[in-house]
file input03.tsv (TSV, C-alpha atoms)
chain	number	residue	atom	x	y	z
W	1101	MET	CA	17.40	-40.12	55.34
W	1102	ALA	CA	14.53	-41.98	56.95
W	1103	SER	CA	11.95	-40.33	54.70
W	1104	SER	CA	13.90	-41.25	51.55
W	1105	VAL	CA	14.14	-44.87	52.69
W	1106	ASN	CA	10.41	-44.89	53.27
W	1107	ALA	CA	9.76	-43.40	49.83
W	1108	ALA	CA	11.92	-46.08	48.20
W	1109	THR	CA	10.07	-48.78	50.14
W	1110	VAL	CA	6.66	-47.44	49.11
W	1111	ILE	CA	7.74	-47.21	45.46
W	1112	PHE	CA	9.15	-50.73	45.67
W	1113	TYR	CA	5.84	-52.15	46.87
W	1114	VAL	CA	3.89	-50.24	44.21
W	1115	PHE	CA	6.05	-51.71	41.46
W	1116	ALA	CA	6.07	-55.15	43.10
W	1117	ALA	CA	2.26	-55.19	43.07
W	1118	TRP	CA	2.33	-53.99	39.45
W	1119	ALA	CA	4.73	-56.78	38.50
W	1120	VAL	CA	2.69	-59.52	40.20
W	1121	VAL	CA	-0.64	-58.32	38.75
W	1122	SER	CA	0.88	-58.08	35.27
W	1123	ALA	CA	2.41	-61.55	35.58
W	1124	VAL	CA	-0.93	-63.06	36.66
W	1125	LEU	CA	-2.67	-61.38	33.72
W	1126	CYS	CA	0.15	-62.55	31.41
W	1127	ILE	CA	-0.42	-66.22	32.21
W	1128	THR	CA	-4.24	-66.04	32.28
W	1129	ARG	CA	-5.17	-64.07	29.15
W	1130	SER	CA	-6.35	-66.35	26.34
W	1131	ASN	CA	-5.07	-64.05	23.57
W	1132	ALA	CA	-1.32	-64.53	23.09
W	1133	LEU	CA	-0.89	-60.91	22.00
W	1134	THR	CA	-2.46	-59.65	25.24
W	1135	SER	CA	-0.23	-62.00	27.21
W	1136	ALA	CA	2.87	-60.61	25.49
W	1137	LEU	CA	1.89	-57.02	26.26
W	1138	TRP	CA	1.29	-57.86	29.94
W	1139	LEU	CA	4.72	-59.50	30.02
W	1140	VAL	CA	6.20	-56.24	28.69
W	1141	SER	CA	4.40	-54.49	31.57
W	1142	THR	CA	5.97	-56.93	34.05
W	1143	MET	CA	9.42	-56.24	32.61
W	1144	PHE	CA	8.97	-52.49	32.95
W	1145	ALA	CA	7.96	-52.90	36.59
W	1146	LEU	CA	11.02	-55.10	37.17
W	1147	ALA	CA	13.24	-52.45	35.56
W	1148	ALA	CA	11.90	-49.89	38.03
W	1149	ILE	CA	12.63	-52.31	40.89
W	1150	PHE	CA	16.18	-52.78	39.55
W	1151	VAL	CA	16.69	-49.02	39.87
W	1152	ILE	CA	15.54	-49.15	43.50
W	1153	LEU	CA	17.99	-52.03	44.09
W	1154	GLN	CA	20.90	-49.87	42.82
W	1155	ALA	CA	21.26	-51.60	39.45
W	1156	GLN	CA	20.61	-48.63	37.18
W	1157	PHE	CA	22.57	-49.97	34.21
W	1158	ILE	CA	20.86	-53.37	34.43
W	1159	ALA	CA	17.50	-51.56	34.45
W	1160	ALA	CA	18.38	-49.74	31.22
W	1161	ILE	CA	19.53	-53.00	29.63
W	1162	GLN	CA	16.31	-54.69	30.82
W	1163	VAL	CA	14.19	-52.12	29.00
W	1164	LEU	CA	16.37	-52.14	25.86
W	1165	VAL	CA	17.04	-55.85	25.46
W	1166	TYR	CA	14.08	-57.57	27.13
W	1167	ALA	CA	11.15	-55.19	26.75
W	1168	GLY	CA	12.59	-53.96	23.46
W	1169	ALA	CA	14.32	-56.64	21.43
W	1170	VAL	CA	13.11	-59.97	22.84
W	1171	MET	CA	9.45	-58.99	23.19
W	1172	VAL	CA	9.40	-57.46	19.70
W	1173	LEU	CA	10.60	-60.87	18.46
W	1174	PHE	CA	7.70	-62.52	20.33
W	1175	LEU	CA	5.16	-60.05	18.93
W	1176	PHE	CA	6.54	-60.59	15.41
W	1177	VAL	CA	6.04	-64.35	15.66
W	1178	ILE	CA	2.56	-64.02	17.21
W	1179	MET	CA	1.44	-61.69	14.43
W	1180	LEU	CA	3.20	-63.78	11.77
W	1181	LEU	CA	1.35	-66.95	12.80
W	1182	ASN	CA	-1.98	-65.04	13.04
W	1183	LEU	CA	-3.54	-67.59	15.37
W	1184	GLU	CA	-7.25	-67.55	15.97
W	1185	VAL	CA	-8.20	-66.94	19.61
W	1186	VAL	CA	-9.41	-70.21	21.11
W	1187	PRO	CA	-11.68	-69.46	24.09
W	1188	HIS	CA	-10.69	-72.57	26.04
W	1189	ASN	CA	-7.03	-72.70	25.24
W	1190	TRP	CA	-6.17	-74.39	28.53
W	1191	ARG	CA	-5.05	-77.79	29.62
W	1192	GLN	CA	-7.56	-80.38	30.86
W	1193	ARG	CA	-8.64	-80.52	34.48
W	1194	TYR	CA	-5.96	-83.00	35.60
W	1195	GLY	CA	-3.37	-80.72	33.99
W	1196	TRP	CA	-4.69	-77.87	36.14
W	1197	VAL	CA	-4.46	-79.99	39.29
W	1198	VAL	CA	-0.91	-81.11	38.49
W	1199	GLY	CA	0.16	-77.62	37.43
W	1200	ILE	CA	-1.23	-75.72	40.41
W	1201	GLY	CA	-0.07	-78.50	42.76
W	1202	LEU	CA	3.53	-78.47	41.48
W	1203	ALA	CA	3.61	-74.67	41.55
W	1204	ALA	CA	2.30	-74.72	45.15
W	1205	VAL	CA	4.96	-77.24	46.20
W	1206	LEU	CA	7.64	-75.06	44.63
W	1207	GLY	CA	6.23	-71.98	46.34
W	1208	ALA	CA	6.22	-73.75	49.71
W	1209	THR	CA	9.86	-74.74	49.15
W	1210	LEU	CA	10.80	-71.15	48.42
W	1211	VAL	CA	8.88	-69.90	51.48
W	1212	SER	CA	10.73	-72.40	53.68
W	1213	LEU	CA	14.01	-70.71	52.65
W	1214	LYS	CA	13.04	-67.49	54.44
W	1215	ASP	CA	15.44	-68.03	57.37
W	1216	TYR	CA	18.33	-68.26	54.92
W	1217	THR	CA	19.70	-64.85	55.92
W	1218	PRO	CA	22.20	-62.73	53.96
W	1219	GLU	CA	24.71	-63.14	56.81
W	1220	ARG	CA	24.53	-66.93	56.50
W	1221	LEU	CA	24.93	-66.75	52.73
W	1222	ALA	CA	27.91	-64.39	53.07
W	1223	ARG	CA	29.53	-66.72	55.60
W	1224	GLU	CA	29.02	-69.76	53.36
W	1225	ILE	CA	30.39	-68.00	50.30
W	1226	SER	CA	33.36	-66.56	52.22
W	1227	THR	CA	34.38	-69.94	53.64
W	1228	MET	CA	33.91	-71.80	50.34
W	1229	PRO	CA	37.36	-72.71	49.01
W	1230	GLY	CA	38.44	-71.17	45.75
W	1231	THR	CA	35.23	-70.76	43.77
W	1232	VAL	CA	34.62	-67.06	44.42
W	1233	ASP	CA	37.13	-64.25	44.55
W	1234	PRO	CA	36.91	-63.13	48.21
W	1235	ARG	CA	37.34	-59.51	47.18
W	1236	LEU	CA	34.02	-59.76	45.32
W	1237	VAL	CA	32.17	-60.79	48.51
W	1238	PHE	CA	31.09	-57.89	50.65
W	1239	PRO	CA	29.98	-58.78	54.19
W	1240	GLU	CA	28.45	-55.37	54.85
W	1241	GLY	CA	25.51	-54.09	52.87
W	1242	SER	CA	26.75	-50.75	51.58
W	1243	ALA	CA	29.62	-52.06	49.44
W	1244	LEU	CA	27.78	-51.86	46.12
W	1245	ALA	CA	26.54	-48.36	46.98
W	1246	SER	CA	30.09	-47.19	47.66
W	1247	ALA	CA	31.40	-48.82	44.47
W	1248	THR	CA	28.65	-47.07	42.51
W	1249	ALA	CA	29.47	-43.79	44.22
W	1250	THR	CA	33.16	-43.95	43.29
W	1251	GLN	CA	32.96	-45.54	39.83
W	1252	GLY	CA	29.49	-44.67	38.58
W	1253	ALA	CA	26.60	-46.97	37.72
W	1254	VAL	CA	28.18	-48.22	34.47
W	1255	GLY	CA	31.79	-48.26	35.63
W	1256	SER	CA	31.11	-50.46	38.63
W	1257	VAL	CA	29.59	-53.07	36.31
W	1258	ALA	CA	32.08	-52.65	33.47
W	1259	GLN	CA	35.22	-53.15	35.54
W	1260	PRO	CA	34.55	-56.77	36.62
W	1261	LEU	CA	32.90	-57.54	33.28
W	1262	PHE	CA	36.02	-56.69	31.28
W	1263	GLN	CA	38.52	-57.99	33.84
W	1264	GLY	CA	37.42	-61.01	35.85
W	1265	TYR	CA	34.66	-62.12	33.47
W	1266	LEU	CA	36.39	-61.33	30.16
W	1267	VAL	CA	36.60	-64.94	28.91
W	1268	PRO	CA	32.89	-65.75	29.57
W	1269	PHE	CA	32.03	-62.42	27.95
W	1270	GLU	CA	33.91	-63.39	24.79
W	1271	ILE	CA	32.42	-66.90	24.77
W	1272	THR	CA	28.99	-65.23	24.85
W	1273	SER	CA	29.66	-63.84	21.38
W	1274	VAL	CA	30.19	-67.39	20.08
W	1275	LEU	CA	26.87	-68.38	21.70
W	1276	LEU	CA	25.07	-65.51	19.98
W	1277	LEU	CA	26.63	-66.42	16.62
W	1278	ALA	CA	25.49	-70.04	17.05
W	1279	ALA	CA	21.99	-68.81	17.95
W	1280	VAL	CA	21.80	-66.61	14.85
W	1281	VAL	CA	22.92	-69.44	12.55
W	1282	GLY	CA	20.57	-71.90	14.29
W	1283	ALA	CA	17.57	-69.58	14.03
W	1284	VAL	CA	18.16	-69.00	10.31
W	1285	VAL	CA	18.61	-72.74	9.61
W	1286	LEU	CA	15.45	-73.62	11.55
W	1287	ALA	CA	13.18	-70.88	10.25
W	1288	LYS	CA	14.19	-70.79	6.60
W	1289	LYS	CA	11.98	-72.86	4.33
W	1290	LYS	CA	14.60	-73.80	1.78
W	1291	LEU	CA	18.34	-73.45	2.30
K	1332	MET	CA	18.10	-52.50	50.79
K	1333	LEU	CA	14.80	-54.40	50.61
K	1334	LEU	CA	16.54	-57.76	50.32
K	1335	GLY	CA	13.79	-59.89	51.84
K	1336	PRO	CA	10.89	-58.32	49.91
K	1337	SER	CA	12.90	-58.59	46.66
K	1338	LEU	CA	13.54	-62.28	47.19
K	1339	ALA	CA	9.86	-62.82	48.08
K	1340	LEU	CA	8.76	-61.01	44.91
K	1341	SER	CA	11.24	-63.10	42.92
K	1342	ALA	CA	9.77	-66.31	44.38
K	1343	VAL	CA	6.22	-65.18	43.55
K	1344	LEU	CA	7.14	-64.34	39.95
K	1345	PHE	CA	9.01	-67.63	39.52
K	1346	VAL	CA	6.04	-69.63	40.81
K	1347	LEU	CA	3.74	-67.72	38.43
K	1348	GLY	CA	6.09	-68.61	35.58
K	1349	VAL	CA	6.05	-72.29	36.56
K	1350	ALA	CA	2.25	-72.23	36.77
K	1351	GLY	CA	2.09	-70.62	33.32
K	1352	VAL	CA	4.30	-73.34	31.82
K	1353	LEU	CA	2.21	-76.07	33.39
K	1354	ILE	CA	-1.34	-74.85	32.70
K	1355	ARG	CA	-1.11	-73.20	29.28
K	1356	ARG	CA	-1.31	-75.05	25.96
K	1357	ASN	CA	-0.19	-72.30	23.61
K	1358	ALA	CA	3.52	-72.88	22.95
K	1359	ILE	CA	4.25	-69.15	22.64
K	1360	VAL	CA	2.63	-68.38	26.01
K	1361	VAL	CA	4.58	-71.26	27.58
K	1362	PHE	CA	7.71	-69.68	26.14
K	1363	MET	CA	6.80	-66.30	27.61
K	1364	SER	CA	6.33	-67.97	31.01
K	1365	VAL	CA	9.90	-69.25	30.74
K	1366	GLU	CA	10.99	-65.66	30.11
K	1367	LEU	CA	9.06	-64.66	33.25
K	1368	MET	CA	11.02	-67.24	35.27
K	1369	LEU	CA	14.32	-65.92	33.87
K	1370	ASN	CA	13.28	-62.42	34.92
K	1371	ALA	CA	12.49	-63.63	38.43
K	1372	VAL	CA	15.97	-65.15	38.72
K	1373	ASN	CA	17.47	-61.90	37.43
K	1374	LEU	CA	15.71	-60.10	40.27
K	1375	THR	CA	17.33	-62.51	42.75
K	1376	PHE	CA	20.76	-61.82	41.28
K	1377	VAL	CA	20.28	-58.05	41.42
K	1378	ALA	CA	18.92	-58.14	44.98
K	1379	LEU	CA	21.84	-60.23	46.26
K	1380	ALA	CA	24.35	-58.14	44.31
K	1381	GLN	CA	23.67	-55.35	46.82
K	1382	VAL	CA	25.22	-57.50	49.54
K	1383	HIS	CA	27.66	-59.79	47.76
K	1384	GLY	CA	29.24	-57.53	45.20
K	1385	VAL	CA	28.60	-56.49	41.64
K	1386	SER	CA	29.31	-59.91	40.09
K	1387	GLY	CA	25.62	-60.70	40.58
K	1388	GLN	CA	24.82	-57.97	38.08
K	1389	ILE	CA	27.37	-59.49	35.68
K	1390	MET	CA	25.44	-62.76	35.90
K	1391	VAL	CA	22.29	-60.89	34.87
K	1392	PHE	CA	24.10	-59.89	31.68
K	1393	PHE	CA	24.85	-63.49	30.86
K	1394	VAL	CA	21.30	-64.59	31.71
K	1395	MET	CA	19.92	-61.90	29.37
K	1396	THR	CA	22.26	-63.00	26.58
K	1397	VAL	CA	21.26	-66.64	26.94
K	1398	ALA	CA	17.59	-65.61	27.09
K	1399	ALA	CA	17.92	-63.64	23.85
K	1400	ALA	CA	19.61	-66.59	22.12
K	1401	GLU	CA	17.00	-68.97	23.52
K	1402	ALA	CA	14.14	-66.75	22.33
K	1403	ALA	CA	15.55	-66.59	18.80
K	1404	VAL	CA	16.12	-70.33	18.48
K	1405	GLY	CA	12.91	-71.29	20.30
K	1406	LEU	CA	10.70	-69.05	18.19
K	1407	ALA	CA	12.36	-70.45	15.06
K	1408	ILE	CA	11.48	-73.96	16.30
K	1409	ILE	CA	7.87	-72.84	16.95
K	1410	LEU	CA	7.72	-71.44	13.41
K	1411	ALA	CA	9.01	-74.73	11.98
K	1412	ILE	CA	6.46	-76.70	14.02
K	1413	PHE	CA	3.67	-74.38	12.88
K	1414	ARG	CA	4.60	-75.05	9.25
K	1415	HIS	CA	4.16	-78.79	9.89
K	1416	THR	CA	1.02	-78.90	12.01
K	1417	GLN	CA	-0.64	-75.49	11.36
K	1418	SER	CA	-0.95	-75.13	15.13
K	1419	VAL	CA	1.08	-74.17	18.19
K	1420	ASP	CA	-1.18	-76.16	20.54
K	1421	LEU	CA	1.08	-78.31	22.69
K	1422	ALA	CA	-1.64	-80.97	23.03
K	1423	GLN	CA	-1.52	-81.56	19.27
K	1424	ILE	CA	2.27	-81.86	19.08
K	1425	ASN	CA	2.44	-85.54	19.98
K	1426	LEU	CA	4.52	-87.01	17.18
K	1427	LEU	CA	7.00	-88.61	19.59
K	1428	LYS	CA	4.29	-89.95	21.92
K	1429	GLY	CA	4.52	-93.72	22.29
call {"tool": "encode", "arguments": {"input": "input03.tsv", "output": "structure tokens"}}
result
Amino acid sequence: MASSVNAATVIFYVFAAWAVVSAVLCITRSNALTSALWLVSTMFALAAIFVILQAQFIAAIQVLVYAGAVMVLFLFVIMLLNLEVVPHNWRQRYGWVVGIGLAAVLGATLVSLKDYTPERLAREISTMPGTVDPRLVFPEGSALASATATQGAVGSVAQPLFQGYLVPFEITSVLLLAAVVGAVVLAKKKL
Amino acid sequence: MLLGPSLALSAVLFVLGVAGVLIRRNAIVVFMSVELMLNAVNLTFVALAQVHGVSGQIMVFFVMTVAAAEAAVGLAIILAIFRHTQSVDLAQINLLKG
């Protein structure tokens, strides 16, 4: 048991380093096409991390929808526009100072949240009146693992999706329809 | 479990996405940085779903759906802007600047 935990931890850190390096390269490459391909690399690394975090179905959807459909859309638009590569395609110096400064402030804020433990979060959610179904809050850590063991990776996600979250799920289809119509109206030259 | 390292990785990726939005001038790369931030938040949802139940993973579904819709509409807007200005440089899109 201990060796398997260690293996999962090692694999996690390998993919975490992969994701961070790919993300840094994604935001620093001057060619938009290179940036898009490094973002695909980040998404693959995140999919592997999702598997380690016991979200196998989400990992498959991540590869299919994000790395597949959404990024193909990005690559289509980049190639359609056929932009020339500008060597200094960056903001001016004050933009750099403001950008790095704001990002550093945000990072410091996130670091200061490190003593926000899972136990505290569970307690706050459990005592919150009426917003969350208490049966969906698991105080102990192995609840998702047991649900996956009894219902399978897809079943444990599908059951709440088609029961408790059925109405938001159906509203999502209206959102997608609106997005399709909006994209066609915006992108078409002459209606 | 790896809850703490996952949340730390999520914070790092989110900050990288914010930095990308703030320092890049290419509208498409800015858009991809927004996608990076959405991915970081998805990682937070998945990591906390281990402790707080599978509804965190359901939220990831909805985030992915909204991201797909946003990508379609946003790229259509970028295409429309490119037809007007022959550029996706955010510094040159200043029509509404006072």
call {"tool": "atom_distance", "arguments": {"input": "input03.tsv", "atom1": "atom CA of W:Val1170", "atom2": "atom CA of W:Ala1123"}}
result
16.7 Å
call {"tool": "axis_aligned_box", "arguments": {"input": "input03.tsv", "around": "stretch 1414-1426 of chain K", "padding_each_side": "8 Å", "output": "JSON"}}
result
{"center_x": 1.5, "center_y": -80.6, "center_z": 16.1, "size_x": 22.2, "size_y": 28.8, "size_z": 29.8}
call {"tool": "closest_atom_pairs", "arguments": {"input": "input03.tsv", "of": "chain K", "to": "chain W", "cutoff": "7 Å", "atoms": "all atoms listed in the file", "output": "JSON lines"}}
result
{"residue": "K:Met1332", "atom": "CA", "partner": "W:Leu1153", "partner_atom": "CA", "distance": 6.7}
{"residue": "K:Leu1340", "atom": "CA", "partner": "W:Ala1116", "partner_atom": "CA", "distance": 6.7}
{"residue": "K:Ala1342", "atom": "CA", "partner": "W:Leu1210", "partner_atom": "CA", "distance": 6.4}
{"residue": "K:Leu1344", "atom": "CA", "partner": "W:Val1120", "partner_atom": "CA", "distance": 6.6}
{"residue": "K:Val1346", "atom": "CA", "partner": "W:Ala1203", "partner_atom": "CA", "distance": 5.6}
{"residue": "K:Leu1347", "atom": "CA", "partner": "W:Val1124", "partner_atom": "CA", "distance": 6.8}
{"residue": "K:Val1349", "atom": "CA", "partner": "W:Ala1203", "partner_atom": "CA", "distance": 6.0}
{"residue": "K:Ala1350", "atom": "CA", "partner": "W:Ala1203", "partner_atom": "CA", "distance": 5.5}
{"residue": "K:Gly1351", "atom": "CA", "partner": "W:Ile1127", "partner_atom": "CA", "distance": 5.2}
{"residue": "K:Leu1353", "atom": "CA", "partner": "W:Gly1199", "partner_atom": "CA", "distance": 4.8}
{"residue": "K:Ile1354", "atom": "CA", "partner": "W:Arg1191", "partner_atom": "CA", "distance": 5.6}
{"residue": "K:Arg1355", "atom": "CA", "partner": "W:Trp1190", "partner_atom": "CA", "distance": 5.3}
{"residue": "K:Arg1356", "atom": "CA", "partner": "W:Trp1190", "partner_atom": "CA", "distance": 5.5}
{"residue": "K:Val1360", "atom": "CA", "partner": "W:Ala1132", "partner_atom": "CA", "distance": 6.2}
{"residue": "K:Val1377", "atom": "CA", "partner": "W:Ala1155", "partner_atom": "CA", "distance": 6.8}
{"residue": "K:Ala1378", "atom": "CA", "partner": "W:Leu1153", "partner_atom": "CA", "distance": 6.2}
{"residue": "K:Gln1381", "atom": "CA", "partner": "W:Leu1244", "partner_atom": "CA", "distance": 5.4}
{"residue": "K:Val1382", "atom": "CA", "partner": "W:Gly1241", "partner_atom": "CA", "distance": 4.8}
{"residue": "K:His1383", "atom": "CA", "partner": "W:Val1237", "partner_atom": "CA", "distance": 4.7}
{"residue": "K:Gly1384", "atom": "CA", "partner": "W:Leu1236", "partner_atom": "CA", "distance": 5.3}
{"residue": "K:Val1385", "atom": "CA", "partner": "W:Val1257", "partner_atom": "CA", "distance": 6.4}
{"residue": "K:Ile1389", "atom": "CA", "partner": "W:Leu1261", "partner_atom": "CA", "distance": 6.3}
{"residue": "K:Ala1399", "atom": "CA", "partner": "W:Val1170", "partner_atom": "CA", "distance": 6.1}
{"residue": "K:Ala1400", "atom": "CA", "partner": "W:Ala1279", "partner_atom": "CA", "distance": 5.3}
{"residue": "K:Ala1402", "atom": "CA", "partner": "W:Val1170", "partner_atom": "CA", "distance": 6.9}
{"residue": "K:Ala1403", "atom": "CA", "partner": "W:Ala1283", "partner_atom": "CA", "distance": 6.0}
{"residue": "K:Val1404", "atom": "CA", "partner": "W:Ala1283", "partner_atom": "CA", "distance": 4.7}
{"residue": "K:Ala1407", "atom": "CA", "partner": "W:Ala1287", "partner_atom": "CA", "distance": 4.9}
{"residue": "K:Ile1408", "atom": "CA", "partner": "W:Leu1286", "partner_atom": "CA", "distance": 6.2}
{"residue": "K:Leu1410", "atom": "CA", "partner": "W:Ala1287", "partner_atom": "CA", "distance": 6.3}
{"residue": "K:Ala1411", "atom": "CA", "partner": "W:Ala1287", "partner_atom": "CA", "distance": 5.9}
call {"tool": "atom_distance", "arguments": {"input": "input03.tsv", "atom1": "atom CA of K:Gly1348", "atom2": "atom CA of W:Leu1125"}}
result
11.5 Å
call {"tool": "atom_distance", "arguments": {"input": "input03.tsv", "atom1": "atom CA of K:Ser1337", "atom2": "atom CA of K:Val1365"}}
result
19.4 Å
call {"tool": "residues_around", "arguments": {"input": "input03.tsv", "residues": "K:Gln1423", "least_positions_apart": "6", "cutoff": "12 Å", "atoms": "all atoms listed in the file", "output": "ChimeraX atom specification"}}
result
/W:1191 /K:1356-1358,1412-1413,1415-1417
call {"tool": "decode", "arguments": {"input": "input03.tsv", "residues": "stretch 1141-1164 of chain W", "atoms": "N, CA and C atoms", "output": "CSV table (one decimal), in the first residue's frame"}}
result
chain,number,residue,atom,x,y,z
W,1141,SER,N,-0.4,20.5,-24.4
W,1141,SER,CA,0.5,19.7,-23.5
W,1141,SER,C,0.1,19.9,-22.0
W,1142,THR,N,-0.2,21.1,-21.6
W,1142,THR,CA,-0.7,21.4,-20.2
W,1142,THR,C,-2.0,20.6,-19.9
W,1143,MET,N,-2.9,20.6,-20.9
W,1143,MET,CA,-4.2,19.9,-20.7
W,1143,MET,C,-4.0,18.4,-20.6
W,1144,PHE,N,-3.1,17.8,-21.3
W,1144,PHE,CA,-2.8,16.4,-21.2
W,1144,PHE,C,-2.2,16.1,-19.8
W,1145,ALA,N,-1.3,16.9,-19.3
W,1145,ALA,CA,-0.7,16.7,-18.0
W,1145,ALA,C,-1.8,16.8,-16.9
W,1146,LEU,N,-2.7,17.8,-17.1
W,1146,LEU,CA,-3.8,17.9,-16.1
W,1146,LEU,C,-4.7,16.7,-16.2
W,1147,ALA,N,-5.0,16.1,-17.4
W,1147,ALA,CA,-5.8,14.9,-17.5
W,1147,ALA,C,-5.1,13.8,-16.7
W,1148,ALA,N,-3.8,13.6,-16.8
W,1148,ALA,CA,-3.1,12.6,-16.0
W,1148,ALA,C,-3.3,12.8,-14.5
W,1149,ILE,N,-3.2,14.1,-14.1
W,1149,ILE,CA,-3.4,14.4,-12.7
W,1149,ILE,C,-4.8,14.1,-12.2
W,1150,PHE,N,-5.8,14.4,-13.1
W,1150,PHE,CA,-7.2,14.0,-12.8
W,1150,PHE,C,-7.3,12.5,-12.5
W,1151,VAL,N,-6.6,11.7,-13.3
W,1151,VAL,CA,-6.7,10.2,-13.0
W,1151,VAL,C,-6.1,9.9,-11.6
W,1152,ILE,N,-5.0,10.6,-11.3
W,1152,ILE,CA,-4.4,10.3,-9.9
W,1152,ILE,C,-5.4,10.8,-8.9
W,1153,LEU,N,-6.2,11.8,-9.1
W,1153,LEU,CA,-7.1,12.3,-8.1
W,1153,LEU,C,-8.5,11.6,-8.2
W,1154,GLN,N,-8.5,10.4,-8.8
W,1154,GLN,CA,-9.7,9.6,-8.8
W,1154,GLN,C,-10.8,10.2,-9.6
W,1155,ALA,N,-10.5,10.9,-10.7
W,1155,ALA,CA,-11.6,11.5,-11.6
W,1155,ALA,C,-11.3,11.0,-13.0
W,1156,GLN,N,-11.4,9.7,-13.1
W,1156,GLN,CA,-11.1,9.1,-14.4
W,1156,GLN,C,-12.0,9.5,-15.6
W,1157,PHE,N,-13.3,9.7,-15.3
W,1157,PHE,CA,-14.2,10.1,-16.4
W,1157,PHE,C,-13.9,11.5,-16.8
W,1158,ILE,N,-13.6,12.4,-15.7
W,1158,ILE,CA,-13.3,13.8,-16.0
W,1158,ILE,C,-12.0,13.9,-16.9
W,1159,ALA,N,-11.1,13.0,-16.6
W,1159,ALA,CA,-9.8,13.0,-17.4
W,1159,ALA,C,-10.1,12.7,-18.8
W,1160,ALA,N,-11.0,11.7,-19.1
W,1160,ALA,CA,-11.3,11.3,-20.5
W,1160,ALA,C,-12.0,12.5,-21.2
W,1161,ILE,N,-13.0,13.1,-20.4
W,1161,ILE,CA,-13.7,14.3,-21.0
W,1161,ILE,C,-12.7,15.4,-21.3
W,1162,GLN,N,-11.7,15.6,-20.4
W,1162,GLN,CA,-10.7,16.7,-20.5
W,1162,GLN,C,-10.0,16.5,-21.9
W,1163,VAL,N,-9.5,15.2,-22.1
W,1163,VAL,CA,-8.8,15.0,-23.4
W,1163,VAL,C,-9.7,15.2,-24.6
W,1164,LEU,N,-11.0,14.7,-24.5
W,1164,LEU,CA,-11.9,14.7,-25.6
W,1164,LEU,C,-12.3,16.1,-25.9
